Amino acid sequence: MAKIPLGCEPVVGSLTPSKKREYRVTNRLQEGKRPIYAVVFNFIDSRYFNAFATAGGNRVTVYQCLEGGVIAVLQSYIDEDKDESFYTVSWACNIDGTPFLVAGGLNGIIRVIDTGSEKIYKSFVGHGDSINEIRTQPLKPSLVVSASKDESVRLWNIHTGICILIFAGAGGHRNEVLSVDFHPSDIYRIASCGMDNTVKIWSMKEFWTYVEKSFTWTDLPSKFPTKYVQFPVFIASVHTNYVDCNRWIGDFILSKSVDNELVLWEPKMKEQSPGEGTVDILQKYPVPECDIWFIKFSCDFHYKAAAVGNREGKIYVWEVQSSPPVLVARLSHVQSKSPIRLTAMSFDGSTILCCCEDGTIWRWDVVASS
Amino acid sequence: MSALNTSTSASGSDPPIDGHQETGPSPKAIVAVIDSLKKQVASDRSIYIKKRMEENTEKVLDVTKNLYKLSMERRNFKIICGDGGVDLLAKRQKDAIDMHSGIGTSNGDNESSSSQEDGYAPSAILLGSSIAVKNAVRPIKLPEVKKLPPYTTWIFLDRNQRMTEDQSVVGRRRIYYDQNGGEALICSDSEEETVDDEEEKKDFVESEDYILRLVHLMQIAETTIKEVGLCDLTLDLLAQCLSRKSCEIKGRYEDLIKNEIALCRVNNGNAESFVNPYIDKDLDAALDSFDNLFCRRCLVFDCRLHGCSQDLVFSAEKQLPWLCPDVEKEPCGPNCHRLDLESEGNATVSSKQTNFDEKAATASNTSAMQIQKRKQGGKSVRIKSKSCQSESASSSEIKPNNDVTSSVKSAYAGKSSGDKRSSKRIAENVLVAKKKRQKKMATSDSDSVAGSGLSLKDLNLRTNSRRENEDISSSQKVKSTSSRKSRRKESLVLDFDKSLQGEADSGASNESESNQPMASSGDTLKKEEFVDENMYKQEVIDNKYWKPFEKALYEKGIQIFGRNSCLIARNLMSGLKSCSEIFIYMHRSEKKILSHDGDGTILADGCLKADGNETAGGGARRRSRFLRRKGRVRRLKYTWKSAGYQSFRKRISERKDQPCRQYSPCGCQSACGKTCPCLVNGTCCEKYCGCPKSCKNRFRGCHCAKSQCRSRQCPCFAADRECDPDVCRNCWISCGDGTLGVPSQRGDNYECRNMKLLLKQQQRVLLGRSDVSGWGAFLKNSVGKHEYLGEYTGELISHREADKRGKIYDRENSSFLFNLNDQFVLDAYRKGDKLKFANHSPDPNCYAKVIMVAGDHRVGIFAKERISAGEELFYDYRYEPDRAPAWAKKPEASGAKREDGAPSNGRAKKHT
């Protein structure tokens with residue numbers, strides 16, 4: 001990678017914990033032998049802020065965080081195909097407010113589960129290969145976007161079961177797409193990243209009529225005129241290896257590769273010439289022993305902090321928005337040795353969950369400062 | 001970078017005093033200064049980042065507030081809209097909470113039993129709580145859904161596309177993740193790594209410039225160096241600190257100084273008028289996008305197959321200007337020249353008429369006759385014009401007639417003048433017949449073309465005037481002045497003045513003397529002069545308003561529509577010039593040409609040649625310049641390395657082992673000789689070549705009549721080419737297949753059957769799960785033997801690119817590469833059509849064939865035998881036996897097939 005020129009250096013956070021908050025392990029469960037790849041809190045509906053879902057093997061499980069570190073199992077879903085291995089799960093909701101879970105994995109089939117009636121609502125077949133991440137549009141939670149090994153990102157309307165847009169083609173990813181995220185306020189914008197080492201920002205502004213059309217579509221979903229979005233508005237080469245997680249922090253993007261750090265950067269687009277632009281790397285958040293791929297991070301509801309696990313089973317909690325970055329806490333436990341695939345921060349960040357390669361789920365709660 | 005800017009201005013405010021010290025600063029001091037500057041930059045940067053972060057934090061706060069509101073609304077929404085149905089998630093939550101708080105130990109039993117009655121699974125279980133677990137949560141089964149065979153998302157192509165530069169994998173590192181082995185492999189070889197390392201030149205960023213500038217200021221302040229600038233020592237130190245080459249720094253430094261000076265100048269002289277960018281462009285610039293983006297082979301803009309910025313090939317055979325089938329007698333609009341002619345004053349009409357007659361006269365190019373004829377013509381016209389004057393408005397009926405005849409005449413004159421141009425040098429003797437008026441015209445002409453600054457013309461003019469001097473000695477004075485004027489390239493206004501002057505002493509001796517050879521009465525002469533004046537006036541006005549762009553546009557119009565001002569105005573000049581303006585301009589320019597002829601062909605020739613050079617040579621030059629400047633234009637050129645390419649890819653090996661040669665049109669302007677690029681390359685010349693049709697290297701097409709071009713007797717078929725209605729004699733396209741009610745002209749049986757790719761007459765192919773493995777292509781309707789099924793489309797990539805991609809594809813056990821010709825390989829991996837999913841079979845029912853269709857190689861898939869509806873399609877990929885990858889040797893080997901790793905493997909570690 002080219003040397004960063006003078007005056008463009010990012011601010012790098014210090015690994016000395018600030019001890020602002022202290023976390024303690026309050027629970028640990030073993031779901032099975034197979035690795036758990038996803039754990040996620042419900043941020044869509046305030047009734048379920050305490051509920052979280054996990055995905056691993058052919059199971060999707062719904063839990064509830066209770067006081068005193070107690071975790072209650074609420075629901076459990078098992079794919080009849082034993083070979084299915086769910087990689088991702090996301091909370092969504094139907095247009096009438098019914099809480100949905102959307103999960104996907106190795107088989108490339110998106111499962112939309114109606115948790116209100118404990119039934120499968122729909123299954124979307126279309127992706128040509130496994131699904132690496134699913135995210136929900138927070139402003140319109142019946143829209144989800146999926147990132148797949150088939151090099152495409154697809155936008156789905158879970159209410160009508162329509163694949164609205166496919167982000168792939170001439171300007172698309174050149175290898176597996178590992179992560180995707182909706183812009184929190186610009187409803188047209190998504191960012192995706194993957195094994196081609198790039199982060200691509202896409203706009204669906206010109207295609208928004210199709211999104212609207214998908215809500216009123218009454219014919220067969222397969223007859224919907226699915227459109228290809230072939231050119232992203234921005235391509236960023238921030239990393240030199242697989243980029244396995246990216247999240248919008250306001251207008252900035254927090255992304256990670258296998259370089260033991262999270263990177264916060266600002267895409268500076270040229271409005272006249274789409275696809276071009278520069279990247280301004282603002283801050284870096286070191287995460288030691290985080291050099292394997294498919295380790296993803298999560299933020300709390302207000303994007304104040306980000307928690308990321310590492311290969312050794314430790315968690316680093318960074319204050320995302322302070323400059324220079326502050327390491328809130330470094331969580332470690334003698335028994336936690338397995339790589340942490342994903343973390344989940346609760347609404348206010350007081351609870352941090354993590355799911356591990358060895359099939360365990362850990363719950364960390366903040367210690368009330370006396 | 002506002003923070004940076006403020007600090008720049010702050011430190012920039014320090015007055016750069018020229019201290020006159022004897023010694024320059026020591027290197028140490030300089031380093032210290034630079035270091036402090038760097039620190040300054042760094043702190044500015046962190047301030048800037050902090051500010052940006054704070055701004056963003058505020059934004060995020062707003063966003064999350066809104067999202068929180070939405071999530072609260074959803075809760076309420078559900079309560080209001082609760083339709084009696086049980087929200088099981090909420091219920092389970094409640095159960096869990098109840099259980100946890102211990103209220104419902106007794107209650108919980110009831111609830112759980114009741115819910116069991118409802119058919120619902122028992123309540124939640126608590127983990128990590130002191131309360132004993134009562135029930136296990138019954139898992140809900142998700143019914144199995146059959147998964148699709150794997151594929152990579154691909155874009156449908158109905159015709160081949162050339163790869164764009166950014167799609168290349170050459171020189172790019174690709175990390176391949178082997179799911180089975182759990183290992184990451186980096187797919188790139190050392191040779192290409194070095195290519196990668198060359199890397200783009202680093203741009204100087206703002207802060208570096210800032211330091212440079214500051215150091216510059218400091219230098220001024222601290223040193224006595226005579227020439228204000230940085231000494232090498234400082235530059236070297238700077239280079240070290242910024243880790244750049246010192247030459248780079250130096251170059252940048254000089255650039256900066258230059259820019260600053262330029263900036264000052266701009267600030268000082270801030271008088272800038274707005275210029276319309278469109279009108280001031282010349283036509284070549286305006287046509288730049290047309291030349292660059294329009295594909296003359298496919299007749300579309302932004303052709304994806306042949307790419308932008310193709311070499312322009314001009315056919316040796318020029319097309320005749322389009323002749324309007326029904327010459328419109330009606331005026332084309334309110335500004336039509338026909339109307340103008342009716343309404344305009346007699347003087348102008350007559351002046352025009354004199355023009356026409358002159359032309360007619362000069363057209364007949366015997367010099368002796370000329371004078372006579374002109375006299376006669378002039379007289380007759382003058383008589384006419386007189387009669388017009390006397391009859392004034394009452395003669396309106398006659399005038400249109402005049403107009404028609406005059407326009408016909410003018411057309412005739414144009415033609416004859418054209419003839420004349422080609423049959424050069426005849427009119428050399430016309431020089432004798434020099435007249436003052438003609439000379440004037442010559443000067444005015446030279447002025448109008450003076451912009452091009454051709455000294456050649458000037459020279460000619462001078463020689464002309466000298467000859468004139470010999471001829472007409474009496475009017476030497478006037479002429480010399482006029483010629484001097486023309487040499488000075490003064491504007492027409494001066495000429496006008498001069499002619500005015502001439503008119504003022506029109507009765508004077510020199511005027512009459514010069515006109516004496518004409519032996520006509522002074523009266524008529526005067527009138528003639530007057531007419532001339534009018535014309536000059538017009539010319540002055542018109543020339544002012546005819547921009548080079550419009551002139552060039554007009555020239556194009558003449559090429560396309562011939563001398564039809566109505567059509568030119570309507571199609572090319574709308575909003576710029578009206579029909580009548582064009583008409584006047586047209587006749588004036590004609591006259592000029594004629595007068596050139598009269599003056600002597602040397603001059604006319606020179607002009608023409610010069611013009612030709614300007615338009616052709618200059619055009620080409622300009623085009624290339626635009627190319628360089630325009631970054632947006634995609635260039636699609638590849639270096640073809642002849643390094644032996646391995647080809648373990650689908651390959652149509654036919655009787656000839658040599659791959660077909662890629663055709664690219666030659667620009668030969670005469671019959672192709674030994675140097676013709678087509679001939680050298682070993683391809684035939686095609687209709688897109690510049691060479692004339694008589695070229696020996698051209699493919700002549702076929703003359704098949706009844707055989708329908710379906711056997712090797714047809715020369716096209718035998719040469720693996722499709723018939724081309726432009727080339728073949730009897731191959732034609734009928735309108736539709738008769739279903740539209742249009743009877744086929746010559747009976748279906750004689751229709752050429754060798755144009756299916758061109759006409760896209762393919763069979764319906766369906767995509768489905770293969771009976772063998774993965775995806776498969778199926779035929780919807782049954783077809784007979786040798787029937788055309790469809791085209792195998794894809795990205796056109798170079799062999800070098802294909803080798804690189806092939807390596808990656810082979811790892812994934814899926815390849816869609818297809819050798820096309822000596823230059824290109826088709827890759828249907830990300831772009832293609834459904835036929836890419838047809839599987840390989842050693843005993844196939846289809847075959848692929850590379851066919852030349854209108855200059856392009858394309859792959860057609862044909863039925864090897866009768867195929868019934870719904871059958872799966874197979875063809876032999878023809879792997880070279882030793883090259884074939886292991887999986888290709890299996891009978892079912894094909895497209896997308898990978899053994900899925902054991903699920904327990906899941907995601908293994910990626911080692912880097």
# chains A, B, ... in the order shown; residues from 1 in each chain; ligands from 1
>>> residues_around(residues="Ser71 of chain B", least_positions_apart="3", cutoff="8 Å", atoms="only C-alpha atoms", output="list in words")
Phe43, Ile44, Asp45 and Ser46 of chain A; Leu67, Tyr68, Arg74 and Arg75 of chain B
>>> write_last_selection(atoms="all heavy atoms", output="tab-separated table (two decimals), in the first residue's frame")
chain	number	residue	atom	x	y	z
A	43	PHE	N	-33.05	-3.94	17.14
A	43	PHE	CA	-33.09	-2.48	17.27
A	43	PHE	C	-34.27	-1.89	16.51
A	43	PHE	O	-34.40	-0.69	16.37
A	43	PHE	CB	-31.80	-1.85	16.73
A	43	PHE	CG	-30.61	-2.01	17.66
A	43	PHE	CD1	-29.32	-1.73	17.21
A	43	PHE	CD2	-30.78	-2.39	18.98
A	43	PHE	CE1	-28.23	-1.87	18.05
A	43	PHE	CE2	-29.69	-2.53	19.83
A	43	PHE	CZ	-28.41	-2.27	19.38
A	44	ILE	N	-35.08	-2.77	15.98
A	44	ILE	CA	-36.15	-2.30	15.10
A	44	ILE	C	-37.38	-1.89	15.91
A	44	ILE	O	-38.03	-0.89	15.63
A	44	ILE	CB	-36.54	-3.42	14.10
A	44	ILE	CG1	-35.33	-3.80	13.23
A	44	ILE	CG2	-37.72	-2.99	13.23
A	44	ILE	CD1	-34.86	-2.74	12.29
A	45	ASP	N	-37.68	-2.68	16.91
A	45	ASP	CA	-38.92	-2.47	17.65
A	45	ASP	C	-38.55	-2.37	19.13
A	45	ASP	O	-37.93	-3.26	19.70
A	45	ASP	CB	-39.84	-3.68	17.41
A	45	ASP	CG	-41.24	-3.44	17.96
A	45	ASP	OD1	-41.35	-2.75	19.00
A	45	ASP	OD2	-42.20	-3.95	17.36
A	46	SER	N	-38.94	-1.28	19.75
A	46	SER	CA	-38.46	-1.01	21.10
A	46	SER	C	-38.98	-2.04	22.11
A	46	SER	O	-38.42	-2.21	23.18
A	46	SER	CB	-38.89	0.39	21.53
A	46	SER	OG	-40.28	0.51	21.47
B	67	LEU	N	-34.42	7.24	14.51
B	67	LEU	CA	-34.60	5.79	14.49
B	67	LEU	C	-35.27	5.31	15.77
B	67	LEU	O	-36.11	4.41	15.75
B	67	LEU	CB	-33.25	5.09	14.30
B	67	LEU	CG	-32.58	5.25	12.94
B	67	LEU	CD1	-31.26	4.51	12.91
B	67	LEU	CD2	-33.49	4.75	11.82
B	68	TYR	N	-34.89	5.93	16.86
B	68	TYR	CA	-35.47	5.55	18.13
B	68	TYR	C	-36.97	5.86	18.14
B	68	TYR	O	-37.79	5.06	18.58
B	68	TYR	CB	-34.77	6.28	19.28
B	68	TYR	CG	-35.28	5.86	20.63
B	68	TYR	CD1	-35.09	4.57	21.09
B	68	TYR	CD2	-35.97	6.77	21.45
B	68	TYR	CE1	-35.57	4.17	22.32
B	68	TYR	CE2	-36.45	6.37	22.68
B	68	TYR	CZ	-36.24	5.08	23.12
B	68	TYR	OH	-36.73	4.68	24.34
B	74	ARG	N	-43.31	1.79	16.39
B	74	ARG	CA	-43.65	0.42	16.01
B	74	ARG	C	-44.32	-0.32	17.15
B	74	ARG	O	-45.27	-1.07	16.95
B	74	ARG	CB	-42.39	-0.33	15.55
B	74	ARG	CG	-42.19	-0.18	14.07
B	74	ARG	CD	-40.88	-0.68	13.57
B	74	ARG	NE	-40.48	0.17	12.46
B	74	ARG	CZ	-39.33	0.77	12.34
B	74	ARG	NH1	-38.40	0.61	13.24
B	74	ARG	NH2	-39.09	1.54	11.31
B	75	ARG	N	-43.84	-0.07	18.33
B	75	ARG	CA	-44.45	-0.70	19.49
B	75	ARG	C	-45.91	-0.26	19.60
B	75	ARG	O	-46.81	-1.08	19.77
B	75	ARG	CB	-43.67	-0.31	20.75
B	75	ARG	CG	-44.53	0.00	21.97
B	75	ARG	CD	-43.70	0.47	23.11
B	75	ARG	NE	-43.12	-0.66	23.82
B	75	ARG	CZ	-42.21	-0.55	24.75
B	75	ARG	NH1	-41.72	0.63	25.05
B	75	ARG	NH2	-41.74	-1.60	25.37
>>> residues_around(residues="Gln283 of chain A", least_positions_apart="2", cutoff="6 Å", atoms="only C-alpha atoms", output="list in words")
Pro10, Val11, Val12 and Leu264 of chain A
>>> residues_around(residues="Asn42 of chain A", least_positions_apart="3", cutoff="7 Å", atoms="only C-alpha atoms", output="count of residues only")
6
>>> atom_distance(atom1="atom CA of Val243 of chain A", atom2="atom CA of Ile110 of chain A")
22.5 Å
